[in-house]
Amino acid sequence: MSGLGRLFGKGKKEKGPTPEEAIQKLKETEKILIKKQEFLEQKIQQELQTAKKYGTKNKRAALQALRRKKRFEQQLAQTDGTLSTLEFQREAIENATTNAEVLRTMELAAQGMKKAYQDMDIDKVDELMTDITEQQEVAQQISDAISRPMGFGDDVDEDELLEELELLEQEELAQELLSVGDKEEEPPVKLPSVPSTHLPAEPGSTALRMTVIGNPRSWSCQWLPILILLLGTGHGPGVEGVTHYKAGDPVILYVNKVGPYHNPQETYHYYQLPVCCPEKIRHKSLSLGEVLDGDRMAESLYEIRFRENVEKRILCHMQLSSAQVEQLRQAIEELYYFEFVVDDLPIRGFVGYMEESGFLPHSHKIGLWTHLDFHLEFHGDRIIFANVSVRDVKPHSLDGLRPDEFLGLTHTYSVRWSETSVERRSDRRRGDDGGFFPRTLEIHWLSIINSMVLVFLLVGFVAVILMRVLRNDLARYNLDEETTSAGSGDDFDQGDNGWKIIHTDVFRFPPYRGLLCAVLGVGAQFLALGTGIIVMALLGMFNVHRHGAINSAAILLYALTCCISGYVSSHFYRQIGGERWVWNIILTTSLFSVPFFLTWSVVNSVHWANGSTQALPATTILLLLTVWLLVGFPLTVIGGIFGKNNASPFDAPCRTKNIAREIPPQPWYKSTVIHMTVGGFLPFSAISVELYYIFATVWGREQYTLYGILFFVFAILLSVGACISIALTYFQLSGEDYRWWWRSVLSVGSTGLFIFLYSVFYYARRSNMSGAVQTVEFFGYSLLTGYVFFLMLGTISFFSSLKFIRYIYVNLKMD
């Protein structure tokens, strides 16, 4: 019998299912396997929930649940494989059936041709048909695949189960941390009290010791998220926290701090001076922002009642020793000012009076203000304005005192109330606070517009020139590639130069990839942090006249944005082939926190040694450390885990060779130092005008309110950094130097170095700051500021260069 006869049933039929029956049986089996898949997935989820339930309570039960889950996963994998095999076999049978129908038609045609041409050998066609019989044998294998028992191994790696259980415990703890404080029935949080200053009973002693007042239970980690939110919204002097009074109600006046007029960050408690103070000092509870700003408010001996005038009331009598008088003389010579607070309104004045007159003969007179006139304005039942004055008051001379002589002083004060038509404090003109601090900060529109025009021209020139050159390069390289392919077929590297020739090395991963990814992660975090601070200021979410509110917001945002640094660092680290992702996360979380802690330790130690109120108390240090340990670090780890799991392979448009290409000698103007100089100076020039305003606000007495312009300048800074990075990277690649990874970070990141150099210039030429306390804090935090700008702009520069390099090599025709 011929092959066609055997295949299509001519003669005796062989046992076995027909193709149609086999296909139908395959479909039924697939339905059964799909249902089994759904059942196994449900069992896996059930065992996973069981493991989470007993993860921290019954470790043995959790391991058993994980062991069962592993078995179900193995069964699910085996079922998936069987289902894939069945689908392949069904498609093969369907194709075989189609081929059989075609060949049946060919057989009929062959029979007709045989009748017409008796000499034609039909056996050749028969030989071709025998191949089709093999397709029918596939159906015979279906029953074997269905009836074959699934072998599931019972061997489970215990270490793998323990590792998975540990991950489940971490996930459960993370969920509990994120859900803390969401219950509405939880009682309100008691804010921490500020540190108190214990003084001896004798007035005028300068002994100072910082202790903690408050209930330690308020620092429970259970209330930490709510505590952070509340501390970020604390009122400071000048905030619209208005109290309503009735005539005759007592108005508490708090003494706050004193310090040199030209050193804004060097402040001391008012009661450190030999002044009138109560026997028992009672402090006011402050927010975190106020504590960070150096506020230490305490109740005073001044008795003020709403709308009741006072004329020269005695505050206290004092007997000062020569040492105490010398302390006052030194404070007056250094232009010490004091700050009081009435109903959240700051009032400031100088401690004493100093007069320098004549050259020959030279006179040096120092006097102490022993009488203060308080002027308060009210509207209805609210205090709108408060000020202190020494006009028409003669200072008490501190000159000519013998070493063994005591000085007797009588401190007095007056209070004058007046009604005003201003209904709200914010309606008063800016700077209408008695003129104590100068208001010289104006909007220099010409300088800002000039800076913006220069930036736009720079970006435009770079973009236009680079696009023209790049278009010519792509046209030339692609034409050379077509010519080479049509010609001898030799390697195009032999006749090319420039950035095309290094296409096999440009995506070679750099050394110290873990450190690079950590820089990118922390830089992305500070980009989000800086943008968030500016947007919050634009939306008016905190009082822009008090630095404490911005400090609280910055601490809160830093803790919450730690997940960004962990995600970006771990995601890119896994993309470029990193394996030690745990160490990468540790490096990421330490890249800024460790330098900041070291700098803060030095600055805080100097403040503590000099008795400054800028030295943080122990409770505030514990609070900040707790925020980092329970919020910042866990979010970094969680972000790192998500980044590692979601990372895809690094998609390089060019294949990288195993052997690195030799880099030709580079001219001096393509060196790293020149690139850092050019790449750092141009972005710095874009913000140099606005940088003066920021320094005058942070390190001076100015008030910054131009947050719209600041946001615009911040966007310009990032744009200029990206354009300069692309241009410098192109020049580097044109010189056949493929080591662009770290160079792109350093080139624009060097802007931080220029910012630090500007801070040195500002300290020497634009400020009157002096002394060890102010100098250490200024240069310590200026160095950190330059470091933060290095991280931010280095991140922008790197990802801009990476995007640019991907673009040019994707559009390049290569074998």
# chains A, B, ... in the order shown; residues from 1 in each chain; ligands from 1
$ residues_around --residues "His675 of chain A" --least-positions-apart "6" --cutoff "9 Å" --atoms "only C-alpha atoms" --output "list in words"
Tyr669, Leu728, Arg743, Leu746, Ser747 and Val748 of chain A
$ residues_around --residues "segment 795-809 of chain A" --least-positions-apart "5" --cutoff "7 Å" --atoms "only C-alpha atoms" --output "number ranges by chain"
A: 520, 523-524, 653, 718, 721-722, 725-726, 729, 744-745, 748
$ closest_residue --among "A:Pro683, A:Gly349, A:Gly708, A:Gly540" --to "Asp373 of chain A" --atoms "only C-alpha atoms"
A:Gly349
$ atom_distance --atom1 "atom CA of Phe761 of chain A" --atom2 "atom CA of Trp608 of chain A"
27.5 Å
$ residues_around --residues "Gln327 of chain A" --least-positions-apart "5" --cutoff "12 Å" --atoms "only C-alpha atoms" --output "number ranges by chain"
A: 204-206, 272-275, 320-322, 332-334, 336, 351-352, 368, 398
$ residues_around --residues "Gly408 of chain A" --least-positions-apart "4" --cutoff "12 Å" --atoms "only C-alpha atoms" --output "list in words"
Cys316, His317, Met318, Gln319, Leu320, Ser321, Ser322, Gln324, Val325, Thr370, His396, Ser397, Leu398 and Leu401 of chain A
$ closest_residue --among "A:Val393, A:Val388, A:Leu622, A:Val627" --to "Leu557 of chain A" --atoms "only C-alpha atoms"
A:Val627
$ closest_residue --among "A:Thr619, A:Thr50, A:Ser421, A:Asn645" --to "Gln64 of chain A" --atoms "only C-alpha atoms"
A:Thr50
